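Printed here is final22.cif (mmCIF, C-alpha atoms):
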data_data
loop_
_atom_site.label_atom_id
_atom_site.label_comp_id
_atom_site.auth_asym_id
_atom_site.auth_seq_id
_atom_site.Cartn_x
_atom_site.Cartn_y
_atom_site.Cartn_z
CA MET A 1 5.56 9.23 10.02
CA GLU A 2 7.85 11.82 8.46
CA TYR A 3 6.48 15.15 7.15
CA ARG A 4 7.83 17.53 4.54
CA GLN A 5 6.80 21.05 3.53
CA LEU A 6 4.75 21.17 0.34
CA GLY A 7 6.53 23.89 -1.59
CA ARG A 8 5.58 27.42 -0.53
CA THR A 9 2.17 26.38 0.85
CA ASP A 10 1.21 26.21 4.51
CA MET A 11 0.85 22.42 4.26
CA ARG A 12 3.32 20.07 5.88
CA VAL A 13 2.39 16.65 4.55
CA SER A 14 3.14 13.01 5.27
CA THR A 15 5.92 11.62 3.08
CA VAL A 16 3.79 8.56 2.44
CA SER A 17 0.39 9.98 1.53
CA PHE A 18 -2.70 8.37 -0.01
CA GLY A 19 -3.38 8.12 -3.73
CA ALA A 20 -7.13 7.74 -4.25
CA TRP A 21 -7.31 6.67 -7.91
CA ALA A 22 -7.75 2.99 -7.08
CA ILE A 23 -10.70 3.54 -4.73
CA GLY A 24 -12.50 5.43 -7.49
CA GLY A 25 -12.24 2.78 -10.19
CA THR A 26 -10.40 1.48 -13.30
CA TRP A 27 -8.32 -0.80 -11.05
CA GLY A 28 -10.68 -3.75 -11.03
CA GLU A 29 -13.27 -4.44 -8.35
CA VAL A 30 -13.50 -1.92 -5.51
CA ASP A 31 -15.62 -1.93 -2.35
CA ASP A 32 -16.54 1.39 -0.73
CA GLU A 33 -16.54 0.00 2.82
CA GLN A 34 -13.09 -1.49 2.34
CA SER A 35 -11.96 1.80 0.82
CA ILE A 36 -13.23 3.93 3.70
CA ALA A 37 -11.60 1.52 6.14
CA ALA A 38 -8.28 1.95 4.31
CA LEU A 39 -8.67 5.73 4.43
CA HIS A 40 -9.38 5.66 8.17
CA ARG A 41 -6.36 3.45 8.76
CA ALA A 42 -4.20 5.91 6.83
CA ILE A 43 -5.26 8.75 9.14
CA ASP A 44 -4.70 6.53 12.19
CA LEU A 45 -1.12 6.00 11.03
CA GLY A 46 -0.31 9.68 10.48
CA VAL A 47 -1.22 10.24 6.84
CA ASN A 48 -2.61 13.76 6.43
CA PHE A 49 -2.67 14.24 2.65
CA ILE A 50 -4.88 12.55 0.04
CA ASP A 51 -4.65 12.95 -3.72
CA THR A 52 -7.72 12.40 -5.89
CA ALA A 53 -9.35 13.68 -9.08
CA ASP A 54 -12.82 14.56 -10.29
CA VAL A 55 -12.77 11.71 -12.82
CA TYR A 56 -11.79 8.94 -10.40
CA GLY A 57 -14.99 6.96 -10.47
CA ASP A 58 -16.76 10.07 -11.82
CA GLY A 59 -16.62 11.67 -8.38
CA ARG A 60 -16.81 8.46 -6.34
CA SER A 61 -13.32 8.96 -4.92
CA GLU A 62 -13.99 12.60 -3.96
CA ARG A 63 -17.25 11.67 -2.24
CA LEU A 64 -15.55 8.93 -0.21
CA ILE A 65 -12.99 11.47 0.96
CA ALA A 66 -15.78 13.86 1.95
CA ARG A 67 -17.27 11.05 4.04
CA LEU A 68 -13.87 10.44 5.65
CA ARG A 69 -13.56 14.11 6.57
CA ARG A 70 -17.04 14.06 8.13
CA GLU A 71 -16.13 11.01 10.18
CA ARG A 72 -12.72 12.44 11.17
CA ALA A 73 -13.77 16.05 11.75
CA SER A 74 -11.13 16.64 14.43
CA ASP A 75 -8.21 15.56 12.18
CA THR A 76 -6.30 17.78 9.77
CA ILE A 77 -6.67 16.16 6.35
CA TYR A 78 -5.42 18.00 3.28
CA VAL A 79 -6.92 17.00 -0.05
CA ALA A 80 -5.58 17.62 -3.53
CA THR A 81 -7.86 17.04 -6.49
CA LYS A 82 -7.50 17.53 -10.23
CA ALA A 83 -9.47 19.00 -13.11
CA GLY A 84 -9.37 18.78 -16.88
CA ARG A 85 -10.01 15.18 -17.81
CA ARG A 86 -13.75 15.71 -18.01
CA LEU A 87 -13.20 17.22 -21.46
CA PRO A 88 -14.61 14.89 -24.13
CA LYS A 89 -11.47 15.65 -26.15
CA GLN A 90 -8.24 17.04 -24.80
CA VAL A 91 -7.72 20.37 -26.57
CA PRO A 92 -6.02 23.49 -25.11
CA GLU A 93 -9.05 25.71 -25.71
CA GLY A 94 -11.04 23.45 -23.39
CA TYR A 95 -9.14 24.95 -20.45
CA ASN A 96 -11.28 28.09 -20.41
CA ARG A 97 -12.90 30.02 -17.57
CA ALA A 98 -16.33 28.41 -17.92
CA ASN A 99 -15.00 24.86 -17.91
CA LEU A 100 -12.45 25.35 -15.13
CA THR A 101 -15.03 27.05 -12.94
CA SER A 102 -17.59 24.31 -13.59
CA TRP A 103 -15.15 21.50 -12.81
CA ILE A 104 -13.99 23.19 -9.61
CA GLU A 105 -17.54 23.86 -8.44
CA ARG A 106 -18.32 20.16 -8.95
CA SER A 107 -15.31 19.12 -6.87
CA LEU A 108 -16.23 21.59 -4.14
CA LYS A 109 -19.65 19.96 -3.97
CA ASN A 110 -18.27 16.40 -4.03
CA LEU A 111 -15.71 17.16 -1.34
CA GLU A 112 -18.17 19.24 0.69
CA VAL A 113 -15.79 22.17 1.14
CA GLU A 114 -15.80 25.89 0.37
CA ALA A 115 -12.23 25.93 -0.93
CA LEU A 116 -9.98 23.23 -2.41
CA ASP A 117 -6.64 22.82 -0.62
CA LEU A 118 -4.83 22.11 -3.88
CA LEU A 119 -6.24 22.00 -7.40
CA GLN A 120 -4.05 20.43 -10.09
CA LEU A 121 -4.50 20.63 -13.83
CA HIS A 122 -4.87 16.97 -14.78
CA CYS A 123 -2.28 16.19 -17.46
CA PRO A 124 -3.56 18.78 -19.96
CA PRO A 125 -2.25 19.10 -23.52
CA THR A 126 1.37 20.28 -23.59
CA ALA A 127 0.42 23.69 -25.00
CA VAL A 128 -1.58 24.54 -21.85
CA TYR A 129 1.56 24.83 -19.71
CA ASP A 130 2.60 27.81 -21.82
CA MET A 131 -0.79 29.58 -21.75
CA PRO A 132 -0.64 32.34 -19.08
CA GLU A 133 -4.36 33.00 -19.45
CA VAL A 134 -5.14 29.54 -18.02
CA PHE A 135 -3.06 30.19 -14.93
CA GLY A 136 -4.58 33.65 -14.68
CA ILE A 137 -8.00 32.00 -14.35
CA LEU A 138 -6.64 29.86 -11.53
CA ASP A 139 -5.24 32.99 -9.87
CA ASP A 140 -8.73 34.52 -10.05
CA LEU A 141 -10.22 31.41 -8.46
CA VAL A 142 -7.69 31.65 -5.64
CA ALA A 143 -8.63 35.29 -5.15
CA ALA A 144 -12.32 34.29 -5.12
CA GLY A 145 -11.68 31.81 -2.31
CA LYS A 146 -12.45 28.69 -4.38
CA LEU A 147 -8.86 27.41 -4.26
CA ARG A 148 -6.16 27.75 -1.64
CA TYR A 149 -3.34 26.73 -3.99
CA TYR A 150 -2.87 25.21 -7.42
CA GLY A 151 -0.39 23.04 -9.24
CA VAL A 152 -0.11 20.70 -12.20
CA SER A 153 -0.02 16.99 -12.88
CA VAL A 154 2.18 16.21 -15.87
CA GLU A 155 3.16 13.40 -18.18
CA LYS A 156 6.55 14.76 -19.28
CA VAL A 157 9.55 16.35 -17.61
CA ASP A 158 9.54 19.12 -20.23
CA GLU A 159 5.97 19.99 -19.24
CA ALA A 160 7.00 20.19 -15.60
CA MET A 161 9.87 22.53 -16.46
CA THR A 162 7.61 24.80 -18.49
CA ALA A 163 4.98 24.88 -15.77
CA ILE A 164 7.32 26.06 -13.02
CA THR A 165 9.46 28.42 -15.08
CA HIS A 166 6.58 30.24 -16.83
CA ASN A 167 3.94 30.31 -14.09
CA PRO A 168 5.16 31.70 -10.74
CA ASN A 169 2.11 30.67 -8.71
CA VAL A 170 2.38 26.96 -9.50
CA GLN A 171 2.93 25.48 -6.05
CA SER A 172 3.33 21.80 -6.88
CA VAL A 173 4.04 19.35 -9.66
CA GLN A 174 2.74 15.81 -9.67
CA ILE A 175 4.94 13.62 -11.85
CA ILE A 176 5.51 9.92 -12.45
CA PHE A 177 8.64 9.05 -10.49
CA ASN A 178 9.66 5.54 -9.54
CA MET A 179 12.42 2.99 -10.12
CA PHE A 180 11.27 2.79 -13.76
CA ARG A 181 11.16 6.57 -14.30
CA LEU A 182 14.45 8.25 -13.42
CA LYS A 183 14.45 11.19 -15.84
CA PRO A 184 13.04 13.76 -13.34
CA ILE A 185 16.28 13.45 -11.35
CA GLU A 186 18.39 14.95 -14.14
CA LYS A 187 17.24 18.61 -14.21
CA PHE A 188 13.75 18.97 -12.85
CA PHE A 189 14.40 18.17 -9.20
CA ALA A 190 17.08 20.85 -8.86
CA GLU A 191 14.87 23.44 -10.58
CA ALA A 192 11.89 22.59 -8.37
CA LYS A 193 13.99 22.86 -5.21
CA ALA A 194 15.38 26.21 -6.31
CA ARG A 195 11.87 27.55 -6.88
CA GLU A 196 10.43 25.90 -3.74
CA VAL A 197 7.93 23.85 -5.72
CA GLY A 198 6.50 20.74 -4.10
CA ILE A 199 6.78 17.40 -5.88
CA LEU A 200 4.17 14.64 -5.60
CA ALA A 201 5.64 11.36 -6.86
CA ARG A 202 2.80 9.50 -8.54
CA VAL A 203 2.52 5.96 -9.96
CA PRO A 204 5.18 4.99 -7.39
CA LEU A 205 4.74 1.25 -7.88
CA ALA A 206 4.48 1.38 -11.69
CA SER A 207 0.84 0.21 -11.65
CA GLY A 208 1.76 -2.67 -9.38
CA LEU A 209 4.73 -3.97 -11.34
CA LEU A 210 7.08 -2.92 -8.55
CA THR A 211 5.12 -4.89 -5.96
CA GLY A 212 6.85 -7.99 -7.29
CA LYS A 213 3.55 -9.87 -7.24
CA MET A 214 2.84 -9.94 -10.97
CA THR A 215 3.80 -12.65 -13.43
CA THR A 216 3.33 -13.46 -17.10
CA ALA A 217 0.19 -15.33 -16.04
CA SER A 218 -1.41 -12.37 -14.21
CA ILE A 219 -4.90 -11.53 -15.48
CA PHE A 220 -6.48 -8.08 -15.19
CA ALA A 221 -10.19 -7.32 -15.20
CA ALA A 222 -11.66 -5.81 -18.34
CA ASP A 223 -12.30 -2.49 -16.55
CA ASP A 224 -8.70 -2.34 -15.23
CA HIS A 225 -6.50 0.11 -17.15
CA ARG A 226 -3.68 -2.44 -16.95
CA ALA A 227 -5.76 -4.51 -19.37
CA PHE A 228 -7.10 -1.83 -21.70
CA ASN A 229 -4.51 0.98 -21.72
CA ARG A 230 -1.14 -0.69 -22.24
CA GLU A 231 -0.75 1.02 -25.61
CA GLY A 232 -2.50 4.24 -24.61
CA ALA A 233 -5.96 3.41 -25.98
CA SER A 234 -7.73 5.54 -23.34
CA PHE A 235 -5.06 7.91 -21.98
CA ASP A 236 -1.30 8.32 -22.06
CA LYS A 237 0.26 4.87 -22.03
CA GLY A 238 2.88 6.14 -19.59
CA GLU A 239 0.19 5.95 -16.91
CA THR A 240 0.07 2.16 -17.24
CA PHE A 241 3.16 0.31 -15.98
CA SER A 242 4.96 3.68 -16.36
CA GLY A 243 5.08 3.00 -20.11
CA VAL A 244 7.36 -0.01 -19.67
CA PRO A 245 6.52 -3.10 -21.77
CA TYR A 246 5.03 -5.55 -19.30
CA GLU A 247 7.40 -8.46 -19.94
CA ILE A 248 10.46 -6.18 -19.77
CA GLY A 249 9.20 -4.79 -16.48
CA LEU A 250 8.87 -8.29 -15.05
CA GLN A 251 12.50 -9.04 -15.95
CA ALA A 252 13.69 -5.85 -14.27
CA VAL A 253 11.67 -6.65 -11.13
CA GLU A 254 13.37 -10.03 -10.85
CA GLU A 255 16.72 -8.19 -10.83
CA LEU A 256 15.43 -5.77 -8.19
CA LYS A 257 14.34 -8.67 -5.99
CA ARG A 258 17.97 -9.82 -5.87
CA ILE A 259 19.03 -6.55 -4.21
CA LEU A 260 16.00 -6.24 -1.90
CA PRO A 261 17.27 -5.04 1.49
CA ALA A 262 16.53 -7.24 4.49
CA GLY A 263 13.40 -6.31 6.39
CA MET A 264 11.63 -4.70 3.42
CA THR A 265 8.94 -5.91 1.07
CA MET A 266 9.26 -5.07 -2.62
CA PRO A 267 6.62 -2.29 -2.45
CA GLN A 268 8.38 -0.80 0.57
CA PHE A 269 11.72 -0.94 -1.26
CA ALA A 270 10.19 0.94 -4.19
CA LEU A 271 8.61 3.59 -1.96
CA ARG A 272 11.72 4.02 0.22
CA TRP A 273 13.80 4.54 -2.92
CA ILE A 274 11.55 7.47 -3.89
CA LEU A 275 11.88 9.09 -0.46
CA MET A 276 15.68 9.04 -0.75
CA PHE A 277 15.31 12.16 -2.92
CA ASP A 278 14.79 15.25 -0.78
CA ALA A 279 13.23 17.19 -3.67
CA VAL A 280 10.23 14.86 -3.36
CA THR A 281 7.60 16.12 -0.93
CA CYS A 282 5.64 12.88 -0.80
CA THR A 283 4.69 9.78 -2.68
CA ILE A 284 1.06 8.78 -3.16
CA PRO A 285 0.63 5.01 -3.38
CA GLY A 286 -2.91 3.71 -3.55
CA ALA A 287 -4.51 1.23 -1.17
CA LYS A 288 -7.81 -0.60 -1.37
CA THR A 289 -7.43 -2.44 1.95
CA THR A 290 -6.18 -1.63 5.44
CA GLN A 291 -3.36 -4.15 5.05
CA GLN A 292 -2.08 -2.47 1.91
CA GLU A 293 -2.19 0.89 3.67
CA GLU A 294 -0.32 -0.42 6.71
CA ASP A 295 2.40 -1.83 4.46
CA ASN A 296 2.69 1.46 2.57
CA VAL A 297 2.90 3.65 5.66
CA ALA A 298 5.51 1.42 7.33
CA THR A 299 7.91 2.64 4.64
CA ALA A 300 8.29 5.99 6.39
CA GLU A 301 9.99 4.27 9.34
CA LEU A 302 12.47 2.24 7.30
CA PRO A 303 16.19 3.09 7.20
CA ASP A 304 17.85 4.85 4.29
CA LEU A 305 19.03 2.76 1.37
CA THR A 306 22.77 2.43 0.97
CA PRO A 307 24.67 4.18 -1.84
CA GLN A 308 25.48 0.74 -3.24
CA VAL A 309 21.79 -0.19 -3.50
CA MET A 310 20.98 3.16 -5.11
CA GLN A 311 23.67 2.53 -7.71
CA GLN A 312 22.34 -0.98 -8.37
CA VAL A 313 18.83 0.37 -9.00
CA GLN A 314 20.29 2.83 -11.49
CA ALA A 315 22.16 0.00 -13.24
CA ILE A 316 18.99 -2.10 -13.56
CA TYR A 317 17.14 0.90 -15.00
CA ASP A 318 19.93 1.51 -17.51
CA LYS A 319 19.98 -2.14 -18.57
CA TYR A 320 16.25 -2.86 -18.91
CA ILE A 321 14.13 0.27 -18.79
CA LYS A 322 15.85 3.41 -20.04
CA GLN A 323 15.60 2.63 -23.74
CA HIS A 324 11.82 2.21 -23.48
CA VAL A 325 10.85 5.32 -21.51
CA HIS A 326 13.60 7.90 -21.08
CA ALA A 327 13.20 9.78 -24.36
CA GLN A 328 9.38 9.68 -24.38
CA TRP A 329 8.57 11.25 -21.02
#
Reformat the file's structure so that it appears as structure tokens.
Amino acid sequence: MEYRQLGRTDMRVSTVSFGAWAIGGTWGEVDDEQSIAALHRAIDLGVNFIDTADVYGDGRSERLIARLRRERASDTIYVATKAGRRLPKQVPEGYNRANLTSWIERSLKNLEVEALDLLQLHCPPTAVYDMPEVFGILDDLVAAGKLRYYGVSVEKVDEAMTAITHNPNVQSVQIIFNMFRLKPIEKFFAEAKAREVGILARVPLASGLLTGKMTTASIFAADDHRAFNREGASFDKGETFSGVPYEIGLQAVEELKRILPAGMTMPQFALRWILMFDAVTCTIPGAKTTQQEEDNVATAELPDLTPQVMQQVQAIYDKYIKQHVHAQW
């Protein structure tokens, strides 16, 4: 396993970390015993950082991680969670002291800790990134010992830029970055590196599209966001397949399969591509089984991609994907 420093924090984290959305829910059927086994396997293989949120399974994901920490008490396991999506309606004024404190107290209880390692605002309305009073509340919660550090999870590159340029204590930015989302490379990565801000690359497999296992005949369960959120019915549609129209994404994946390096699976190719960018601290693919986790973690040991392959990925993005996502996010 390779480790990188998470911004200006004291955390040095595994480049392939664990995204715990899927074990909470909205990804079809999930089994807690399988999930805890996958989490244990991750720690066995050197993963030391887990990303979750208070709304993943309404706390189910956080509580599973608390169980993992109890069962692995001798291991260093950093946990990032998120707050904000418990609002019944996303409005800037909802990010007030009472709400933020309440959400954080709930996560502290779920995770069975006195202080959160990293609290991230969970894709709040754009206006929030330019509200110093919100970040002042987070500063107060750090001072009170409820948080060790805080950051943001964003939908758009512009939001990421605002967050790090206007709020000096933002330690990390979680952003969608994968072979179907190249815009962060243009300006944001350089700015984040200059300010020593950590980057968590989320949705690394474009909701499974980049696994290469999906087809036009694939069927998703009714409670799977890939069935109900393709047009953003429940949350930003960029969260589902990275905002790429499903059929277009399948065409692009077929092109990517033609340049798949020997000795890699498609998911490993997608994850290794992300780690080619040194501005990225880690990527956070999900896993519901030990086999999925083993495949994910193996990526850290794979060789660098060649400049030719990197250029080919860019060309496929330009041909199929850019027109559908680049201007929106």
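Closest approach to Arg106 (chain A) among A:Val128, A:Ala221, A:Ala22, A:Ala53: A:Ala53, based on only C-alpha atoms.
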Evaluate the PyMOL selection byres ((chain A and resi 197) around 9) against this structure - the residues, as a PDB file with C-alpha atoms, keeping the file's coordinate frame, please.
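The resulting file, out28.pdb, is reproduced below:
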ATOM      1  CA  LEU A   6       4.750  21.170   0.340  1.00  0.00           C
ATOM      2  CA  GLY A   7       6.530  23.890  -1.590  1.00  0.00           C
ATOM      3  CA  ARG A   8       5.580  27.420  -0.530  1.00  0.00           C
ATOM      4  CA  ILE A 164       7.320  26.060 -13.020  1.00  0.00           C
ATOM      5  CA  VAL A 170       2.380  26.960  -9.500  1.00  0.00           C
ATOM      6  CA  GLN A 171       2.930  25.480  -6.050  1.00  0.00           C
ATOM      7  CA  SER A 172       3.330  21.800  -6.880  1.00  0.00           C
ATOM      8  CA  VAL A 173       4.040  19.350  -9.660  1.00  0.00           C
ATOM      9  CA  GLU A 191      14.870  23.440 -10.580  1.00  0.00           C
ATOM     10  CA  ALA A 192      11.890  22.590  -8.370  1.00  0.00           C
ATOM     11  CA  LYS A 193      13.990  22.860  -5.210  1.00  0.00           C
ATOM     12  CA  ALA A 194      15.380  26.210  -6.310  1.00  0.00           C
ATOM     13  CA  ARG A 195      11.870  27.550  -6.880  1.00  0.00           C
ATOM     14  CA  GLU A 196      10.430  25.900  -3.740  1.00  0.00           C
ATOM     15  CA  GLY A 198       6.500  20.740  -4.100  1.00  0.00           C
ATOM     16  CA  ILE A 199       6.780  17.400  -5.880  1.00  0.00           C
ATOM     17  CA  ALA A 279      13.230  17.190  -3.670  1.00  0.00           C
TER      18      ALA A 279
END
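Picked by the PyMOL selection byres ((chain A and resi 212) around 8) from the coordinates shown: Gly208, Leu209, Leu210, Thr211, Lys213, Met214, Val253, Glu254, Lys257, Met266 and Pro267 of chain A.
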**OP:** Go through the shown structure with the PyMOL selection byres ((chain A and resi 107) around 8) and write out the matching residues as a PyMOL selection string.
**Re:** chain A and resi 54+59+62+81+103-106+108-111
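Close contacts of Ser35 (chain A), defined as residues with an atom at most 8 Å away when counting all atoms listed in the file, with chain neighbours fewer than 6 positions off set aside, comprise Ile23, Ala287, Lys288 and Thr289 of chain A.
Distances to Ile65 (chain A) were evaluated for A:Lys82, A:Arg4, A:His40, A:Lys156 using all atoms listed in the file, and the minimum falls at A:His40.
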**OP:** Work out how far apart CA of Glu33 (chain A) and CA of Gly57 (chain A) are and give it in Å to one decimal.
**Re:** 15.1 Å
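Nearest residue to Pro261 (chain A), choosing from A:Ala115, A:Val30, A:Leu305, A:Ala222 and counting all atoms listed in the file: A:Leu305.
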Subject >> Between CA of Val325 (chain A) and CA of Thr306 (chain A), distance in Å (one decimal) >> reply: 25.6 Å
Original post:
Between A:Val244, A:Val157, A:Leu68, A:Tyr150, which is the closest to Glu186 (chain A) once you count all atoms listed in the file?
Top reply: A:Val157
Subject >> Shell around region 10-21 of chain A at 9 Å using only C-alpha atoms, local window under 5 positions removed, as JSON, numbers by chain >> reply: {"A": [1, 2, 3, 4, 5, 26, 27, 39, 42, 46, 47, 48, 49, 50, 51, 52, 53, 55, 56, 57, 61, 62, 65, 78, 117, 202, 203, 271, 275, 280, 281, 282, 283, 284, 285, 286, 287, 288, 293, 296, 297, 298, 299, 300]}
Subject >> Shell around Cys123 (chain A) at 12 Å using all atoms listed in the file, local window under 6 positions removed, as a PyMOL selection string >> reply: chain A and resi 53+82-87+90-92+95+129+151-157+159-160+163+173-176+235-236+238-239
Limited to C-alpha atoms, could you put the picked residues into a file as an mmCIF file, in the coordinates of the input?
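Done, and the output landed in out-v4.cif:
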data_model
loop_
_atom_site.group_PDB
_atom_site.id
_atom_site.type_symbol
_atom_site.label_atom_id
_atom_site.label_comp_id
_atom_site.auth_asym_id
_atom_site.auth_seq_id
_atom_site.Cartn_x
_atom_site.Cartn_y
_atom_site.Cartn_z
ATOM 1 C CA ALA A 53 -9.350 13.680 -9.080
ATOM 2 C CA LYS A 82 -7.500 17.530 -10.230
ATOM 3 C CA ALA A 83 -9.470 19.000 -13.110
ATOM 4 C CA GLY A 84 -9.370 18.780 -16.880
ATOM 5 C CA ARG A 85 -10.010 15.180 -17.810
ATOM 6 C CA ARG A 86 -13.750 15.710 -18.010
ATOM 7 C CA LEU A 87 -13.200 17.220 -21.460
ATOM 8 C CA GLN A 90 -8.240 17.040 -24.800
ATOM 9 C CA VAL A 91 -7.720 20.370 -26.570
ATOM 10 C CA PRO A 92 -6.020 23.490 -25.110
ATOM 11 C CA TYR A 95 -9.140 24.950 -20.450
ATOM 12 C CA TYR A 129 1.560 24.830 -19.710
ATOM 13 C CA GLY A 151 -0.390 23.040 -9.240
ATOM 14 C CA VAL A 152 -0.110 20.700 -12.200
ATOM 15 C CA SER A 153 -0.020 16.990 -12.880
ATOM 16 C CA VAL A 154 2.180 16.210 -15.870
ATOM 17 C CA GLU A 155 3.160 13.400 -18.180
ATOM 18 C CA LYS A 156 6.550 14.760 -19.280
ATOM 19 C CA VAL A 157 9.550 16.350 -17.610
ATOM 20 C CA GLU A 159 5.970 19.990 -19.240
ATOM 21 C CA ALA A 160 7.000 20.190 -15.600
ATOM 22 C CA ALA A 163 4.980 24.880 -15.770
ATOM 23 C CA VAL A 173 4.040 19.350 -9.660
ATOM 24 C CA GLN A 174 2.740 15.810 -9.670
ATOM 25 C CA ILE A 175 4.940 13.620 -11.850
ATOM 26 C CA ILE A 176 5.510 9.920 -12.450
ATOM 27 C CA PHE A 235 -5.060 7.910 -21.980
ATOM 28 C CA ASP A 236 -1.300 8.320 -22.060
ATOM 29 C CA GLY A 238 2.880 6.140 -19.590
ATOM 30 C CA GLU A 239 0.190 5.950 -16.910
#
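Closest to Asp75 (chain A) among A:Ile43, A:Ala327, A:Met276, A:Ile137 is A:Ile43, based on all atoms listed in the file.
You will find CA of Gln292 (chain A) at 28.9 Å from CA of Lys322 (chain A).
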Put the listed atoms of region 6-13 of chain A in a box along x, y and z with 5 Å added on every side and give me the centre and edge lengths in Å to one decimal, as JSON.
{"center_x": 3.7, "center_y": 22.0, "center_z": 2.1, "size_x": 15.7, "size_y": 20.8, "size_z": 17.5}
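Residue nearest Tyr320 (chain A), chosen from A:Glu255, A:Glu71, A:Asp223, A:Glu231 and counting all atoms listed in the file: A:Glu255.
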Original post:
Taking (-2.9, 33.0, -18.0) in the file's coordinates as the center, which residues reach within 12 Å of it, counting all atoms listed in the file, put as a PyMOL selection string?
Top reply: chain A and resi 95-97+128-140+163+166-170
Go ahead and write the residues just picked, C-alpha atoms, as a CSV table (one decimal), keeping the file's coordinate frame.
chain,number,residue,atom,x,y,z
A,95,TYR,CA,-9.1,25.0,-20.4
A,96,ASN,CA,-11.3,28.1,-20.4
A,97,ARG,CA,-12.9,30.0,-17.6
A,128,VAL,CA,-1.6,24.5,-21.8
A,129,TYR,CA,1.6,24.8,-19.7
A,130,ASP,CA,2.6,27.8,-21.8
A,131,MET,CA,-0.8,29.6,-21.8
A,132,PRO,CA,-0.6,32.3,-19.1
A,133,GLU,CA,-4.4,33.0,-19.4
A,134,VAL,CA,-5.1,29.5,-18.0
A,135,PHE,CA,-3.1,30.2,-14.9
A,136,GLY,CA,-4.6,33.6,-14.7
A,137,ILE,CA,-8.0,32.0,-14.4
A,138,LEU,CA,-6.6,29.9,-11.5
A,139,ASP,CA,-5.2,33.0,-9.9
A,140,ASP,CA,-8.7,34.5,-10.0
A,163,ALA,CA,5.0,24.9,-15.8
A,166,HIS,CA,6.6,30.2,-16.8
A,167,ASN,CA,3.9,30.3,-14.1
A,168,PRO,CA,5.2,31.7,-10.7
A,169,ASN,CA,2.1,30.7,-8.7
A,170,VAL,CA,2.4,27.0,-9.5
Original post:
Which protein, DNA or RNA residues have an atom at most 8 Å from (13.0, 2.6, -9.6), counting all atoms listed in the file? List them as a PyMOL selection string.
Top reply: chain A and resi 177-182+270+273-274+313-314+317
Fix up region 301-314 of chain A with N, CA and C atoms, then write it as an mmCIF file, keeping the file's coordinate frame.
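Here's the written file result_26.cif:
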data_model
loop_
_atom_site.group_PDB
_atom_site.id
_atom_site.type_symbol
_atom_site.label_atom_id
_atom_site.label_comp_id
_atom_site.auth_asym_id
_atom_site.auth_seq_id
_atom_site.Cartn_x
_atom_site.Cartn_y
_atom_site.Cartn_z
ATOM 1 N N GLU A 301 9.147 4.574 8.184
ATOM 2 C CA GLU A 301 9.990 4.270 9.340
ATOM 3 C C GLU A 301 11.236 3.461 8.967
ATOM 4 N N LEU A 302 11.361 3.092 7.709
ATOM 5 C CA LEU A 302 12.470 2.240 7.300
ATOM 6 C C LEU A 302 13.764 3.032 7.150
ATOM 7 N N PRO A 303 14.908 2.376 7.316
ATOM 8 C CA PRO A 303 16.190 3.090 7.200
ATOM 9 C C PRO A 303 16.491 3.479 5.757
ATOM 10 N N ASP A 304 17.415 4.427 5.615
ATOM 11 C CA ASP A 304 17.850 4.850 4.290
ATOM 12 C C ASP A 304 18.463 3.676 3.527
ATOM 13 N N LEU A 305 18.350 3.731 2.221
ATOM 14 C CA LEU A 305 19.030 2.760 1.370
ATOM 15 C C LEU A 305 20.495 3.139 1.251
ATOM 16 N N THR A 306 21.341 2.157 1.062
ATOM 17 C CA THR A 306 22.770 2.430 0.970
ATOM 18 C C THR A 306 23.132 2.982 -0.414
ATOM 19 N N PRO A 307 24.228 3.723 -0.520
ATOM 20 C CA PRO A 307 24.670 4.180 -1.840
ATOM 21 C C PRO A 307 24.836 3.043 -2.836
ATOM 22 N N GLN A 308 25.297 1.886 -2.355
ATOM 23 C CA GLN A 308 25.480 0.740 -3.240
ATOM 24 C C GLN A 308 24.146 0.294 -3.841
ATOM 25 N N VAL A 309 23.108 0.210 -3.011
ATOM 26 C CA VAL A 309 21.790 -0.190 -3.500
ATOM 27 C C VAL A 309 21.252 0.841 -4.490
ATOM 28 N N MET A 310 21.444 2.114 -4.201
ATOM 29 C CA MET A 310 20.980 3.160 -5.110
ATOM 30 C C MET A 310 21.661 3.031 -6.477
ATOM 31 N N GLN A 311 22.939 2.721 -6.458
ATOM 32 C CA GLN A 311 23.670 2.530 -7.710
ATOM 33 C C GLN A 311 23.182 1.293 -8.467
ATOM 34 N N GLN A 312 22.839 0.242 -7.738
ATOM 35 C CA GLN A 312 22.340 -0.980 -8.370
ATOM 36 C C GLN A 312 20.983 -0.749 -9.031
ATOM 37 N N VAL A 313 20.125 0.037 -8.393
ATOM 38 C CA VAL A 313 18.830 0.370 -9.000
ATOM 39 C C VAL A 313 19.055 1.132 -10.310
ATOM 40 N N GLN A 314 19.973 2.070 -10.289
ATOM 41 C CA GLN A 314 20.290 2.830 -11.490
ATOM 42 C C GLN A 314 20.777 1.894 -12.604
#
